file protein.txt (compact mmCIF, C-alpha atoms and all ligand atoms)
# COMPACT_ATOMS: atom_id res chain seq x y z
CA MET A 162 -4.62 5.56 -12.43
CA GLY A 163 -1.39 5.50 -14.42
CA ARG A 164 -0.43 2.68 -16.72
CA PRO A 165 -0.32 -0.79 -15.14
CA MET A 166 3.16 -1.54 -13.84
CA ARG A 167 5.01 -4.75 -13.08
CA ILE A 168 5.71 -4.61 -9.37
CA GLY A 169 8.12 -7.13 -7.83
CA VAL A 170 7.40 -8.46 -4.32
CA VAL A 171 10.50 -10.01 -2.73
CA THR A 172 10.18 -13.10 -0.52
CA PHE A 173 12.87 -13.80 2.10
CA PRO A 174 13.10 -16.83 4.41
CA GLY A 175 10.58 -15.98 7.15
CA THR A 176 8.60 -13.43 5.13
CA LEU A 177 4.93 -13.53 6.10
CA ASP A 178 3.02 -10.94 4.09
CA ASP A 179 4.31 -11.47 0.57
CA ARG A 180 1.02 -12.97 -0.64
CA ASP A 181 -0.98 -10.12 0.87
CA ALA A 182 1.37 -7.62 -0.77
CA GLN A 183 0.93 -9.38 -4.13
CA ARG A 184 -2.87 -9.22 -3.75
CA ALA A 185 -2.67 -5.53 -2.84
CA VAL A 186 -0.56 -4.89 -5.96
CA ARG A 187 -3.19 -6.65 -8.08
CA PHE A 188 -6.06 -4.78 -6.37
CA GLY A 189 -4.15 -1.62 -7.24
CA GLY A 190 -4.38 -2.55 -10.92
CA HIS A 191 -0.80 -3.72 -11.37
CA GLU A 192 0.92 -7.02 -12.12
CA ALA A 193 2.62 -8.68 -9.13
CA VAL A 194 5.92 -10.41 -9.89
CA ALA A 195 7.20 -12.84 -7.22
CA LEU A 196 10.94 -12.39 -6.61
CA TRP A 197 13.19 -14.58 -4.46
CA HIS A 198 15.81 -13.12 -2.10
CA GLY A 199 18.53 -15.50 -3.28
CA GLU A 200 18.46 -14.35 -6.91
CA HIS A 201 20.01 -11.33 -8.55
CA ASP A 202 17.43 -10.95 -11.34
CA LEU A 203 14.74 -8.30 -10.83
CA GLN A 204 12.94 -9.66 -13.91
CA GLY A 205 12.55 -6.21 -15.45
CA VAL A 206 10.06 -4.94 -12.87
CA ASP A 207 9.11 -1.24 -12.72
CA ALA A 208 8.85 -1.05 -8.91
CA LEU A 209 9.57 -3.15 -5.83
CA VAL A 210 7.85 -4.03 -2.56
CA LEU A 211 9.78 -5.48 0.41
CA PRO A 212 6.97 -7.05 2.44
CA GLY A 213 6.47 -7.65 6.15
CA GLY A 214 7.25 -10.66 8.28
CA PHE A 215 10.03 -12.25 10.27
CA SER A 216 12.90 -12.62 7.83
CA TYR A 217 15.61 -14.82 9.34
CA GLY A 218 13.55 -15.03 12.53
CA ASP A 219 14.43 -11.41 13.39
CA TYR A 220 17.93 -12.58 14.42
CA LEU A 221 20.49 -9.86 15.20
CA ARG A 222 17.91 -7.12 14.53
CA SER A 223 14.78 -7.34 12.39
CA GLY A 224 15.75 -7.02 8.74
CA ALA A 225 19.50 -7.02 9.42
CA ILE A 226 20.29 -10.34 7.74
CA ALA A 227 17.77 -9.90 4.91
CA ALA A 228 19.39 -6.55 4.07
CA ASN A 229 22.47 -8.56 3.05
CA SER A 230 20.60 -11.03 0.81
CA PRO A 231 21.82 -11.40 -2.79
CA ILE A 232 18.81 -9.56 -4.26
CA MET A 233 19.45 -6.52 -2.07
CA THR A 234 22.50 -5.60 -4.18
CA GLU A 235 20.06 -5.14 -7.07
CA VAL A 236 17.38 -3.50 -4.90
CA VAL A 237 19.87 -0.90 -3.66
CA ALA A 238 21.17 -0.21 -7.18
CA ALA A 239 17.61 0.11 -8.55
CA ALA A 240 16.56 2.39 -5.67
CA GLU A 241 19.61 4.58 -6.25
CA ALA A 242 18.68 4.77 -9.94
CA GLY A 243 15.20 6.04 -8.98
CA MET A 244 13.01 2.93 -9.04
CA PRO A 245 10.02 3.14 -6.65
CA VAL A 246 10.71 0.88 -3.63
CA LEU A 247 8.21 0.39 -0.80
CA GLY A 248 9.24 -1.31 2.46
CA ILE A 249 6.43 -2.45 4.73
CA CYS A 250 7.29 -3.16 8.37
CA ASN A 251 10.03 -5.82 8.08
CA GLY A 252 10.66 -4.26 4.65
CA PHE A 253 11.08 -0.81 6.26
CA GLN A 254 13.52 -2.42 8.71
CA MET A 255 15.47 -3.80 5.71
CA LEU A 256 15.56 -0.36 4.07
CA THR A 257 17.13 1.22 7.16
CA GLU A 258 19.53 -1.72 7.57
CA ALA A 259 20.52 -1.30 3.89
CA ARG A 260 21.01 2.46 4.52
CA LEU A 261 18.46 3.42 1.89
CA LEU A 262 16.58 5.26 4.65
CA PRO A 263 18.15 6.85 7.77
CA GLY A 264 17.80 5.62 11.37
CA ALA A 265 16.90 2.22 12.79
CA LEU A 266 13.94 0.27 14.11
CA THR A 267 14.42 -1.10 17.61
CA ARG A 268 12.41 -3.02 20.23
CA ASN A 269 9.10 -1.36 21.19
CA ASP A 270 9.36 0.68 24.39
CA SER A 271 6.75 -1.59 26.00
CA GLY A 272 8.90 -4.64 25.26
CA LEU A 273 5.77 -6.19 23.78
CA PHE A 274 4.66 -7.14 20.30
CA VAL A 275 1.98 -4.57 19.41
CA ARG A 276 -1.02 -5.15 17.18
CA ARG A 277 -3.58 -2.37 16.66
CA ASP A 278 -5.52 -0.41 14.09
CA GLN A 279 -3.35 2.68 13.97
CA LEU A 280 -4.17 6.26 13.03
CA LEU A 281 -1.52 7.86 10.83
CA LYS A 282 -1.07 11.30 9.37
CA VAL A 283 0.19 11.48 5.79
CA GLU A 284 2.96 14.07 5.91
CA ARG A 285 4.16 13.71 2.32
CA ASN A 286 1.93 13.03 -0.66
CA ASP A 287 4.62 13.85 -3.22
CA THR A 288 6.43 10.51 -3.10
CA ALA A 289 6.18 7.65 -5.59
CA TRP A 290 3.83 5.76 -3.22
CA THR A 291 1.71 8.40 -1.50
CA SER A 292 0.23 10.57 -4.24
CA GLY A 293 -3.20 8.98 -3.72
CA TYR A 294 -3.53 10.74 -0.35
CA SER A 295 -3.90 14.38 0.56
CA THR A 296 -1.27 16.00 2.75
CA ASP A 297 -2.25 15.88 6.43
CA GLU A 298 -4.91 13.27 5.69
CA VAL A 299 -5.48 10.91 8.63
CA ILE A 300 -5.80 7.22 7.74
CA THR A 301 -6.25 3.96 9.66
CA ILE A 302 -3.79 1.17 8.91
CA PRO A 303 -3.12 -2.08 10.84
CA LEU A 304 0.13 -2.21 12.79
CA LYS A 305 1.80 -5.39 14.12
CA ASN A 306 5.41 -5.55 15.20
CA GLY A 307 7.87 -6.09 18.00
CA GLU A 308 10.63 -3.79 16.74
CA GLY A 309 8.86 -0.67 15.56
CA ARG A 310 10.48 2.02 17.67
CA PHE A 311 12.17 4.41 15.29
CA VAL A 312 15.42 5.88 16.59
CA ALA A 313 18.10 7.97 14.90
CA THR A 314 21.29 9.83 15.73
CA ALA A 315 21.21 13.60 16.18
CA ASP A 316 22.76 13.99 12.71
CA GLN A 317 20.17 11.72 11.14
CA LEU A 318 17.31 13.56 12.88
CA LYS A 319 18.70 16.83 11.56
CA GLN A 320 18.84 15.32 8.06
CA ILE A 321 15.26 14.05 8.43
CA GLU A 322 14.11 17.51 9.44
CA ASP A 323 16.19 19.46 6.91
CA GLU A 324 15.17 17.23 4.00
CA ASN A 325 11.58 16.79 5.21
CA LEU A 326 11.80 12.98 5.12
CA VAL A 327 8.89 12.05 7.41
CA ALA A 328 6.21 10.44 5.22
CA PHE A 329 3.86 9.21 7.98
CA ARG A 330 3.45 10.07 11.66
CA TYR A 331 1.51 8.26 14.39
CA VAL A 332 -1.60 10.12 15.56
CA ASP A 333 -3.34 9.76 18.94
CA VAL A 334 -1.18 6.91 20.21
CA ASN A 335 2.54 6.44 19.71
CA PRO A 336 2.47 2.64 19.85
CA ASN A 337 6.15 1.91 20.27
CA GLY A 338 7.98 5.00 21.54
CA SER A 339 9.17 6.12 18.10
CA THR A 340 11.11 9.39 18.06
CA ASP A 341 8.94 12.32 16.94
CA ASP A 342 6.02 9.88 16.35
CA ILE A 343 7.74 8.77 13.13
CA ALA A 344 5.86 5.89 11.46
CA GLY A 345 7.36 6.07 7.98
CA LEU A 346 10.06 7.83 5.98
CA THR A 347 10.84 8.71 2.41
CA ASN A 348 14.25 9.33 0.87
CA ALA A 349 15.01 12.80 -0.44
CA ARG A 350 14.15 11.81 -4.00
CA GLY A 351 10.77 10.37 -2.96
CA ASN A 352 11.13 7.00 -4.69
CA VAL A 353 11.99 4.96 -1.56
CA VAL A 354 9.33 4.85 1.16
CA GLY A 355 9.22 2.68 4.29
CA LEU A 356 6.59 2.46 7.02
CA MET A 357 5.86 0.22 9.99
CA PRO A 358 2.05 -0.13 9.54
CA HIS A 359 0.73 -2.50 6.88
CA PRO A 360 -1.22 -0.82 4.03
CA GLU A 361 -1.58 -4.19 2.26
CA HIS A 362 -3.94 -5.26 5.08
CA ALA A 363 -6.38 -2.44 4.32
CA VAL A 364 -7.18 -2.97 0.65
CA GLU A 365 -10.20 -5.27 0.66
CA LEU A 366 -13.75 -4.51 1.77
CA GLY A 367 -14.68 -6.36 4.93
CA PHE A 368 -11.10 -7.11 5.93
CA GLY A 369 -9.46 -3.76 6.73
CA PRO A 370 -10.06 -1.79 9.92
CA SER A 371 -13.47 -0.13 9.74
CA THR A 372 -13.68 3.62 10.07
CA ASP A 373 -16.48 6.10 9.57
CA ARG A 374 -14.53 7.87 6.88
CA LEU A 375 -14.91 7.79 3.13
CA ARG A 376 -12.54 4.93 2.37
CA ASP A 377 -13.89 2.66 5.12
CA GLY A 378 -11.40 -0.20 5.56
CA LEU A 379 -9.54 0.65 2.35
CA ASP A 380 -7.08 3.27 3.56
CA GLY A 381 -4.13 1.20 2.33
CA LEU A 382 -5.32 0.95 -1.26
CA PRO A 383 -4.04 4.33 -2.55
CA MET A 384 -0.48 3.13 -1.84
CA PHE A 385 -0.94 0.48 -4.53
CA THR A 386 -3.15 2.26 -7.06
CA LYS A 387 -1.01 5.35 -7.55
CA VAL A 388 2.55 4.19 -7.94
CA LEU A 389 4.48 6.84 -9.81
CA GLU A 390 7.39 6.03 -12.09
CA GLN A 391 8.52 9.64 -12.19
CA ILE A 392 8.45 12.00 -9.28
CA ALA A 393 8.56 15.74 -9.62
CA ALA A 394 11.99 16.86 -8.42
N1 LIG B 401 4.86 -7.31 10.75
C1 LIG B 401 6.16 -7.29 10.57
O1 LIG B 401 6.66 -7.17 9.46
C2 LIG B 401 7.00 -7.50 11.80
C3 LIG B 401 8.42 -7.09 11.61
C4 LIG B 401 9.34 -7.64 12.68
N2 LIG B 401 9.35 -9.07 12.65
C5 LIG B 401 8.94 -7.10 14.03
O2 LIG B 401 8.29 -7.80 14.79
O3 LIG B 401 9.24 -5.98 14.32
call {"tool": "encode", "arguments": {"input": "protein.txt", "output": "structure tokens"}}
result
Amino acid sequence: MGRPMRIGVVTFPGTLDDRDAQRAVRFGGHEAVALWHGEHDLQGVDALVLPGGFSYGDYLRSGAIAANSPIMTEVVAAAEAGMPVLGICNGFQMLTEARLLPGALTRNDSGLFVRRDQLLKVERNDTAWTSGYSTDEVITIPLKNGEGRFVATADQLKQIEDENLVAFRYVDVNPNGSTDDIAGLTNARGNVVGLMPHPEHAVELGFGPSTDRLRDGLDGLPMFTKVLEQIAA
């Protein structure tokens, strides 16, 4: 593990999983710093997590209003300066709405809210948040959302392919009709990562989805133990 970092977890009105994200950050060996959406001060944190939930009741589109919160001016500036930023589910939706990641998350093809223990393939282990996994490793992470269907324009899909931006892909089941089974993206630099499944719900023995693999129930933990401040270019 690298040196302990101070990782900010931003709470928005309607956020649900901020406490779980803070616990995951602590289980990962780092200090969790609670940040409020209405402030502009990032309190000197080294990295940021935008957690899951129902910010602003999912009005307009999930994450659309939160992406315009006061703190997002600072989040966007920090991300553009290279700070590691992780968006989980509603946080991933905010990252696309803020244009830090390409594409958009729309209503699941089933029209239903989906909750399942989801198999994912790690496509990129050279980002600030995924270096604790091996490439092509398959992990099990809880998924729970109503607007998880990833869509993108032809230009954005070309960019995603050309720049190799897919960080995670759904395996076995595509739970929401996402284009190309895309479950999570990174930016080109590798410091900004967003995904629909919830790694912070698979960090504690006895609570995560059980698997017969090595890290039984703890497949989300590497996201929080190995947060890199510098990424190889
Ligand atoms: N778990 C979540 O963060 C859910 C995100 C969003 N409210 C949705 O249902 O799509």
call {"tool": "residues_around", "arguments": {"input": "protein.txt", "residues": "Pro303 in chain A", "least_positions_apart": "6", "cutoff": "6 Å", "atoms": "only C-alpha atoms", "output": "list in words"}}
result
Arg277, Asp278, Gln279, Pro358 and His359 of chain A
call {"tool": "residues_around", "arguments": {"input": "protein.txt", "residues": "Gly355 in chain A", "least_positions_apart": "6", "cutoff": "6 Å", "atoms": "only C-alpha atoms", "output": "PyMOL selection string"}}
result
chain A and resi 247-249+253+345-346
call {"tool": "residues_near_point", "arguments": {"input": "protein.txt", "point": "(9.0, -7.0, -8.0)", "cutoff": "9 Å", "atoms": "only C-alpha atoms", "output": "list in words"}}
result
Arg167, Ile168, Gly169, Val170, Val171, Ala193, Val194, Ala195, Leu196, Leu203, Gln204, Gly205, Val206, Asp207, Ala208, Leu209, Val210 and Leu211 of chain A
call {"tool": "atom_distance", "arguments": {"input": "protein.txt", "atom1": "CA of Gly252 in chain A", "atom2": "CA of Val354 in chain A"}}
result
9.8 Å
call {"tool": "residues_near_ligand", "arguments": {"input": "protein.txt", "ligand": "ligand LIG 401 (chain B)", "cutoff": "8 Å", "atoms": "all atoms listed in the file", "output": "ChimeraX atom specification"}}
result
/A:176-178,212-216,218-219,223-224,249-252,254,266-268,274,304-309,357-359
call {"tool": "write_last_selection", "arguments": {"input": "protein.txt", "atoms": "C-alpha atoms", "output": "short mmCIF file (atom, residue, chain, number, x, y, z; two decimals), in the coordinates of the input"}}
result
data_model
loop_
_atom_site.label_atom_id
_atom_site.label_comp_id
_atom_site.auth_asym_id
_atom_site.auth_seq_id
_atom_site.Cartn_x
_atom_site.Cartn_y
_atom_site.Cartn_z
CA THR A 176 8.60 -13.43 5.13
CA LEU A 177 4.93 -13.53 6.10
CA ASP A 178 3.02 -10.94 4.09
CA PRO A 212 6.97 -7.05 2.44
CA GLY A 213 6.47 -7.65 6.15
CA GLY A 214 7.25 -10.66 8.28
CA PHE A 215 10.03 -12.25 10.27
CA SER A 216 12.90 -12.62 7.83
CA GLY A 218 13.55 -15.03 12.53
CA ASP A 219 14.43 -11.41 13.39
CA SER A 223 14.78 -7.34 12.39
CA GLY A 224 15.75 -7.02 8.74
CA ILE A 249 6.43 -2.45 4.73
CA CYS A 250 7.29 -3.16 8.37
CA ASN A 251 10.03 -5.82 8.08
CA GLY A 252 10.66 -4.26 4.65
CA GLN A 254 13.52 -2.42 8.71
CA LEU A 266 13.94 0.27 14.11
CA THR A 267 14.42 -1.10 17.61
CA ARG A 268 12.41 -3.02 20.23
CA PHE A 274 4.66 -7.14 20.30
CA LEU A 304 0.13 -2.21 12.79
CA LYS A 305 1.80 -5.39 14.12
CA ASN A 306 5.41 -5.55 15.20
CA GLY A 307 7.87 -6.09 18.00
CA GLU A 308 10.63 -3.79 16.74
CA GLY A 309 8.86 -0.67 15.56
CA MET A 357 5.86 0.22 9.99
CA PRO A 358 2.05 -0.13 9.54
CA HIS A 359 0.73 -2.50 6.88
#
call {"tool": "closest_residue", "arguments": {"input": "protein.txt", "among": "A:Met384, A:Leu356, A:Gln317, A:Leu273", "to": "Tyr331 in chain A", "atoms": "all atoms listed in the file"}}
result
A:Leu356
call {"tool": "residues_around", "arguments": {"input": "protein.txt", "residues": "Phe311 in chain A", "least_positions_apart": "5", "cutoff": "6 Å", "atoms": "all atoms listed in the file", "output": "list in words"}}
result
Ala265, Leu266, Ser339 and Thr340 of chain A
call {"tool": "atom_distance", "arguments": {"input": "protein.txt", "atom1": "CA of Asn229 in chain A", "atom2": "CA of Pro360 in chain A"}}
result
24.9 Å
call {"tool": "closest_residue", "arguments": {"input": "protein.txt", "among": "A:Pro336, A:Ala240, A:Asn269, A:Ala185", "to": "Gly369 in chain A", "atoms": "all atoms listed in the file"}}
result
A:Ala185
call {"tool": "closest_residue", "arguments": {"input": "protein.txt", "among": "A:Gly272, A:Pro370, A:Pro263, A:Gly175", "to": "Lys319 in chain A", "atoms": "all atoms listed in the file"}}
result
A:Pro263
call {"tool": "atom_distance", "arguments": {"input": "protein.txt", "atom1": "CA of His198 in chain A", "atom2": "CA of Gly243 in chain A"}}
result
20.4 Å
call {"tool": "closest_residue", "arguments": {"input": "protein.txt", "among": "A:Phe188, A:Ala344, A:Val246, A:Leu256", "to": "Leu281 in chain A", "atoms": "only C-alpha atoms"}}
result
A:Ala344
call {"tool": "closest_residue", "arguments": {"input": "protein.txt", "among": "A:Gly190, A:Pro165, A:Gly381, A:Pro174", "to": "Val299 in chain A", "atoms": "all atoms listed in the file"}}
result
A:Gly381
call {"tool": "closest_residue", "arguments": {"input": "protein.txt", "among": "A:Ile343, A:Leu318, A:Val353, A:Ala239", "to": "Leu261 in chain A", "atoms": "all atoms listed in the file"}}
result
A:Val353
call {"tool": "residues_near_point", "arguments": {"input": "protein.txt", "point": "(19.9, 11.0, 7.2)", "cutoff": "10 Å", "atoms": "all atoms listed in the file", "output": "number ranges by chain"}}
result
A: 260-264, 313-324, 326, 348-349
call {"tool": "residues_around", "arguments": {"input": "protein.txt", "residues": "Ser295 in chain A", "least_positions_apart": "3", "cutoff": "9 Å", "atoms": "only C-alpha atoms", "output": "VMD selection string"}}
result
chain A and resid 283 to 286 291 to 292 298 to 299
call {"tool": "residues_around", "arguments": {"input": "protein.txt", "residues": "Trp197 in chain A", "least_positions_apart": "6", "cutoff": "8 Å", "atoms": "only C-alpha atoms", "output": "compact mmCIF listing (two decimals) with C-alpha atoms, in the coordinates of the input"}}
result
# COMPACT_ATOMS: atom_id res chain seq x y z
CA VAL A 171 10.50 -10.01 -2.73
CA THR A 172 10.18 -13.10 -0.52
CA PHE A 173 12.87 -13.80 2.10
CA ILE A 232 18.81 -9.56 -4.26
